[in-house]
Every structure is written in structure tokens, then in C-alpha cells.
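A.B. asks: Below you'll find the structure I mean.
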Amino acid sequence: MAAKDRDRFSTSTRLRLLGEQTAARVYRSQNRRQARRSRLTGRAAFLALVVCSLVVALAYPMRQYMSQRDEIAEQERMAQEARTRTEELRDEKARLQDDAYVRQLARTHLHYLLPGETGYTVIDPDAVKERNGETDDSGRSWHSNLWDGVDSADRRD
């Protein structure tokens with residue numbers, strides 16, 4: 001036991017113990033650092049930077065490309081509508097070359113008559129009621145009712 005006590009306080013034992021303690025501390029601190037250390041390395045950060053730069057650099061041209069595609073589609077739709085309208089106008093022009101069609105239009109829209117014909121305008125009583133709104137049961141004209149309303153507004157009760 002005396003040899004053990006002597007070993008315990010010898011310089012070499014102390015140095016060895018001190019080295020082991022220091023090694024244990026270094027090992028623990030490295031483990032802690034590695035645990036705390038993010039997994040983002042320099043290469044990964046550079047790669048992320050390159051990818052972000054590419055996204056930013058390509059975002060504006062892609063937006064322009066998409067908007068131009070939309071404009072092209074809109075212009076194509078308008079061109080198709082114009083072609084359709086042109087065909088309709090050509091058909092109408094061809095119909096207007098026919099004298100019978102022109103006479104028919106003049107008779108229906110302008111109420112033209114051929115010589116010797118008598119024109120009549122028939123007023124539908126139901127249509128008159130709808131146009132005037134509510135009809136008065138007294139059978140008086142609307143302007144008479146209006147003036148009666150003005151006169152009654154002037155009278156004192």
C-alpha cells in the first residue's frame with residue numbers, strides 16, 4: 001500500500017492523470033461542438049448560394065415568358081374573333097347584294113311600303129298598359145292625373 005501511495009503522488013502518475021483528464025475534456029468539448037455545429041458546410045452554403053442566385057436570375061425571365069404567352073394567347077383569340085366577324089360581314093355583304101333582301105329589311109325595320117299598299121300600325125292594348133305602368137281605373141289620361149296631383153299639393157288641408 002505504501003507503493004500505491006507513492007505511485008499516487010509521483011510526478012509521472014500525476015502527469016498521466018492530468019493527460020487523461022485533459023483528453024477527456026477535449027473529447028467532451030469536441031462532441032459538444034459537433035452536436036451544436038450545424039450540418040451546413042462551406043460547400044453546402046456555396047451550393048445554396050448558387051441555387052438561390054439561379055432562382056433569382058431566372059425568376060424575371062420566367063415571369064416575362066409566362067406573361068408573353070398569355071398575351072400571345074389573347075392576341076390569337078382576338079384574331080380568331082376578327083376572322084369570325086369578317087366572315088359574318090362578308091355574308092351580310094353578299095345578302096345585301098340581293099334586292100329582295102334589301103326590300104325585306106326596308107319593310108321590317110323602316111316600315112316602307114310598296115306602291116299601292118296601305119300601311120297600318122296596330123297598337124296592342126296590353127303593350128300600352130305595360131309601357132304606361134299601372135292604369136288608372138277612372139280612365140283619365142296620365143297628364144290629367146299629374147296636374148291633379150300638383151293642384152292637390154298646393155291646397156292647404
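As shown in the C-alpha cells, the chain order sets the letters A, B, ...; within each chain, residues go from 1, and ligands are also counted from 1 in the order they appear.
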Within 12 Å of Tyr120 in chain A, counting only C-alpha atoms, which residues show up once you throw out same-chain ones fewer than 6 positions away? Write them as number ranges by chain, please.

C.D. replies: A: 111-113

A.B. asks: Give me, as a count of residues only, the residues of range 20-150 of chain A that a backbone DSSP run labels helix (DSSP H, G or I).

C.D. replies: 100

A.B. asks: Would you compute the distance between CA of Pro125 in chain A and CA of Arg140 in chain A? Give it in Å to one decimal.

C.D. replies: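 About the pair CA of Pro125 in chain A and CA of Arg140 in chain A: they are 15.5 Å apart.
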